[in-house]
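Visitor: Input: one structure, supplied below.
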Amino acid sequence: MTRNRKPCLKRLITTAMVAAGTLAFGQQVQRSVIDTKRNALEHANIWINDVHEGVTDSRGQFYFSSSTSVCKIRVSHTGLLELTREVSLDTVNAPLQVILQDPRNLEEVVVTAGRKPESISTIPSSISILTTKEIEAQSQISTNIASVLGNTVPGLGVSVGKGTNSGQTLRGRAVLVLIDGIPQSTPLMNGSRDIRSIDPSVIERVEVIKGATSIYGNGSAGGIINYITKKNDHNAPLMGGSTTIRGTVNPFHSRETEGYRLSQTLYGRTNKFSYTASGAVDYTGLQRDGDGLPLGQTDGLSNNNQYNAFLKLGYDLNEDASLSLVYNFFNSLQRARYISQTGKYLETPTIGVRGKDPGANTGTRYNHNAMLTYAQHALFGQTSLHASIFYNTFRSMNRYVEKANSWYGPGQSQINSSKIGFRTDFNTPFHVGAITGEATYGLDLLNDVTYQDLTDGRVFVPKMDMFNYAPFVQLTVNLLESLIFKGGIRYEDATVKIKNFSTLPTGPGTEGSVAVEGGTIPYKGTTFNAGLRYNKYAYLNPFVSFSQGFTINELGRIVRTANDSDLKNIQTDPIVTNNYEVGFSSRISVVNLSAAYFISTSKLGVNLRADERGYFFPERSPERIQGYEIALDARLSAEWNLGGTYSYVDGKATQDDDTKVYLAGSRIMPPKATAYLQFMPTSTFDFQLSWVHTGSRNRFEPNDKGGYLANEGPVKPIDLLNFNAGFKINRQWSLGVAVANLLNTDYFTAYSQFDARDVNYVKGEGANMSLNINYKF
């Protein structure tokens, strides 16, 4: 930005963010500082002689003019300590250098919470971030991203150890999974395969926003998991890359348990063009429990083949505008050599025995994601623009059953979903007197077509064709020194079209089938969010917030069980979730502590209940969920780090007669605790022990026969210990070794316990050792 009040001397300030935690206005001849260790810091406020002249642009630059030889320059940025200094311009022959110190070491920047980069310390909500380093370390233990998240993120249920993530909720509610903002979840008909939708090798970071949020619309009642894929390196050579080879085996019962993995990444840059390409092949051998018995195969991961292909292309149109194209393909299918021998719940486990399943291979047959993004800085004034068009198509295959409660005879169902969307975000900084802030606003468009059919051609859930448009605006205002207000509003207008259909017969011929007249179901709603965060002091950084989420959830389950011939008479109201939260973060010396307490309510939720036959039906009733989370870590010395988390959540639904009943295990996870101890004796060695504890939950009484309804079984505590270590041979070669379930604990998973069905009463995997060889060039 340039101002020409008088003939004067024009000067340049450039800004940069240093990964070590210092934000700097660096003396640079280059027009941008954008590599991974010095990223441009935009929207830093600049005062010249006590007059607010504007903010830095996306390249961290700001031009100013002065007719005097001495200027007083004041620089501020949310979450950092303000700095004022006098500068003699006649002695300056390069861009000015100013350093803003940050005693809280706020190096984490989040893009998911507000759809733009912002410091985690300015956001009034609970956020968990997994960095590249943490993902790489956890991936040595398991390349199942559901396990990586379940073992590290407070409030998220532990992995169920299967190809699905059924029961792995976030704070007791469904979570919206995104890849670079592209929705992976299918809230119209939840197939519970959205968390395992990408290979961890192409993920740069994972951002988990907890609690209801309207930022991304439909499906985010419990929060958001956004997989941020690897970005192109602007300072990359013409070609660089990395290769990883991995082998796995059960060290105690090795027969048929061997697995392997190969991943290759290439990246580079030439002039204005940049690229990253990656491919991964991952095979899981036979999984055995602590006693060496093959695990039950129902929706399992034994003999599972996983493939992932990733491509990201970037092109700089000019200094202010760029294009990027991202594509990712994911496939994960179980090619089982064993079938399940059904056990008896609470008595004997379901195990695997040699055999061939008559159905098609289960898992995610394909998940294609493509997105084209245009970014324009300084579109007009200080306003920036990000606009994206995306496409997602997804198909998952459920297990084959000889007999089902939902239809007559044998069958195998698959969920199909295709989404086309457009997303545009504008960001405009502003100041009113001494108050500064910014507005993010735009429009989301989404067309989601989802249905569920059987492989023999029968239609289980008819095509649900949803079109949704949602304008929104989010404000960030610096009310007082270090007091930040964030608030926004989003309007949802969605229509779902369903053609005439008939529910599947539950007996011979057309017995039990209902002919339903189709139509259009309108959904409209306005959601709000507001929060305050005070981040002046490192030892106490509190926040309070209220946020709402809008979800058209499990519509497919409602229409497929219709007992009315008119769609208008079927209760299909959306779920509007209210999330109230208070929390803080604190840094005292070498200790970091954060905690949050939340309450989540909805006047009309969806709780899947089961009857005595094991038939699931959606129950619409008011719900209240509450809980708390605590996380602590400490750097005891240059060699030793330790930390841990604890999360607790529980909830109830209010029935028609005003009685309150606990929500089932598919919604509410038992209390979870994690801990780690890390030892780094040298810069080349790294050892870590990690512990995952799943507590007990026993909220339901058995029936007269001593059995439990599905999802109401009691859960006993589980303790697992994992180990991983890394060794850097040189700049190019490194080794990693890990053992999941180090003590070879024999246990039943939390899912197999609360599910309370014979076929799913399956033990967890015993010890699994891996050796990783990595080469970078």
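Residues in the structure tokens are numbered from 1 in each chain, the chains being A, B, ... in the order shown, and ligands are numbered from 1 in the order shown.
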Considering only C-alpha atoms, tabulate each residue of region 694-777 of chain A that lies at most 12 Å from region 630-654 of chain A along with its nearest interatomic pair and the corresponding distance in Å to one decimal; arrange the rows by chain and ascending residue number and present them as a Markdown table.

Guide:
```
| residue | atom | partner | partner_atom | distance |
| --- | --- | --- | --- | --- |
| A:Thr694 | CA | A:Ser647 | CA | 10.0 |
| A:Gly695 | CA | A:Tyr648 | CA | 9.5 |
| A:Ser696 | CA | A:Tyr648 | CA | 11.0 |
| A:Arg697 | CA | A:Asp650 | CA | 9.6 |
| A:Asn698 | CA | A:Asp650 | CA | 11.4 |
| A:Arg699 | CA | A:Asp650 | CA | 10.1 |
```

Visitor: Output as JSON lines one row per residue of region 288-318 of chain A within 12 Å of region 745-767 of chain A: the closest atom pair and its distance in Å to one decimal place, counting only C-alpha atoms, sorted by chain and residue number ascending.

Guide:
```
{"residue": "A:Arg288", "atom": "CA", "partner": "A:Glu765", "partner_atom": "CA", "distance": 5.7}
{"residue": "A:Asp289", "atom": "CA", "partner": "A:Gly766", "partner_atom": "CA", "distance": 4.4}
{"residue": "A:Gly290", "atom": "CA", "partner": "A:Gly766", "partner_atom": "CA", "distance": 4.2}
{"residue": "A:Asp291", "atom": "CA", "partner": "A:Asp746", "partner_atom": "CA", "distance": 6.7}
{"residue": "A:Gly292", "atom": "CA", "partner": "A:Gly766", "partner_atom": "CA", "distance": 7.6}
{"residue": "A:Leu293", "atom": "CA", "partner": "A:Lys763", "partner_atom": "CA", "distance": 9.4}
{"residue": "A:Pro294", "atom": "CA", "partner": "A:Glu765", "partner_atom": "CA", "distance": 8.9}
{"residue": "A:Leu295", "atom": "CA", "partner": "A:Val762", "partner_atom": "CA", "distance": 6.5}
{"residue": "A:Gly296", "atom": "CA", "partner": "A:Val762", "partner_atom": "CA", "distance": 5.7}
{"residue": "A:Gln297", "atom": "CA", "partner": "A:Val762", "partner_atom": "CA", "distance": 8.7}
{"residue": "A:Thr298", "atom": "CA", "partner": "A:Asn760", "partner_atom": "CA", "distance": 7.0}
{"residue": "A:Asp299", "atom": "CA", "partner": "A:Asn760", "partner_atom": "CA", "distance": 9.1}
{"residue": "A:Gly300", "atom": "CA", "partner": "A:Val762", "partner_atom": "CA", "distance": 9.6}
{"residue": "A:Leu301", "atom": "CA", "partner": "A:Glu765", "partner_atom": "CA", "distance": 10.2}
{"residue": "A:Ser302", "atom": "CA", "partner": "A:Glu765", "partner_atom": "CA", "distance": 10.1}
```

Visitor: I'd like the contact shell of Arg731 (chain A) - 12 Å cut-off, only C-alpha atoms, skipping same-chain residues fewer than 5 positions apart - returned as a tab-separated table (two decimals) with N, CA and C atoms, in the first residue's frame.

Guide:
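See out03.tsv below for the written result:
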```
chain	number	residue	atom	x	y	z
A	242	SER	N	11.22	-38.38	-1.48
A	242	SER	CA	11.46	-39.27	-0.35
A	242	SER	C	10.86	-40.63	-0.65
A	683	SER	N	20.89	-35.64	18.82
A	683	SER	CA	20.08	-35.11	17.73
A	683	SER	C	19.71	-36.18	16.71
A	684	THR	N	20.31	-37.34	16.81
A	684	THR	CA	20.05	-38.42	15.85
A	684	THR	C	19.18	-39.54	16.40
A	774	ASN	N	13.75	-44.94	5.56
A	774	ASN	CA	13.39	-43.71	4.86
A	774	ASN	C	14.61	-43.13	4.14
A	775	TYR	N	14.39	-42.70	2.92
A	775	TYR	CA	15.45	-42.09	2.12
A	775	TYR	C	14.92	-40.79	1.52
A	776	LYS	N	15.67	-39.70	1.71
A	776	LYS	CA	15.29	-38.40	1.16
A	776	LYS	C	16.38	-37.91	0.22
A	777	PHE	N	15.96	-37.29	-0.86
A	777	PHE	CA	16.92	-36.75	-1.82
A	777	PHE	C	16.43	-35.42	-2.38
```

Visitor: Please provide as a ChimeraX atom specification all residues within 8 Å of Thr577 (chain A), with the sequence filter that same-chain residues fewer than 5 positions apart are discarded (counting only C-alpha atoms).

Guide: /A:212,221,548-550,600-603

Visitor: Once DSSP has gone over the backbone, tell me which residues of region 156-303 of chain A are in strand (DSSP E or B), as a PyMOL selection string.

Guide: chain A and resi 156+170+173+176-179+182-183+203-210+223-229+240-249+259-270+273-284+288+294-295

Visitor: Could you tell me how far CA of Thr428 (chain A) lies from CA of Ala387 (chain A), in Å and to one decimal?

Guide: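 It comes out at 14.8 Å.
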
Visitor: Please determine, counting only C-alpha atoms, which residue among A:Pro237, A:Pro702, A:Gly155, A:Gly605 has the shortest atom-to-atom distance to Leu663 (chain A).

Guide: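 Among the listed residues, the smallest separation from Leu663 (chain A) belongs to A:Gly605.
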
Visitor: Can you pull out the residues contacting region 415-418 of chain A? Cut-off 6 Å, using only C-alpha atoms, and skip same-chain residues under 4 positions away; I want them as a PyMOL selection string.

Guide: chain A and resi 392-396+448-452

Visitor: Any idea what's packed within 8 Å of Ser126 (chain A), counting only C-alpha atoms, ignoring anything in its chain fewer than 3 positions away? Could you give it as a PyMOL selection string?

Guide: chain A and resi 209-211+583+596

Visitor: What is the distance between CA of Leu540 (chain A) and CA of Ser586 (chain A), in Å to one decimal?

Guide: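 Interatomic distance here is 4.9 Å.
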
Visitor: Residues at most 12 Å from Ser159 (chain A), counting only C-alpha atoms, excluding those fewer than 4 positions away in the same chain, as number ranges by chain?

Guide: A: 142, 144-153, 163-170, 192-193, 195-196, 669, 672, 692, 694, 749-752, 764-765

Visitor: Which one is closest to Ile668 (chain A): A:Ile588, A:Ile46, A:Leu608, A:Ile182? Count only C-alpha atoms.

Guide: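 Distance minimum relative to Ile668 (chain A) lands on A:Leu608.
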
Visitor: Let me make sure I understand: among A:Asn271, A:Thr362, A:Asn367, A:Ser324, which one has the smallest atom-to-atom distance to Asn308 (chain A) if we use only C-alpha atoms?

Guide: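 The answer is A:Asn367, which sits nearest to Asn308 (chain A).
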
Visitor: At most 7 Å is the cut-off: for each residue in region 631-676 of chain A with any atom that close to an atom of region 706-727 of chain A, write down the nearest atom pair and the distance in Å rounded to one decimal, counting only C-alpha atoms, chain first then increasing number, as CSV.

Guide:
```
residue,atom,partner,partner_atom,distance
A:Ala664,CA,A:Glu712,CA,5.5
A:Gly665,CA,A:Asn711,CA,5.1
A:Ser666,CA,A:Asn711,CA,5.8
```

Visitor: Which of these residues is nearest to Phe252 (chain A), using only C-alpha atoms: A:Ser121, A:Leu604, A:Ala137, A:Gln287?

Guide: A:Gln287
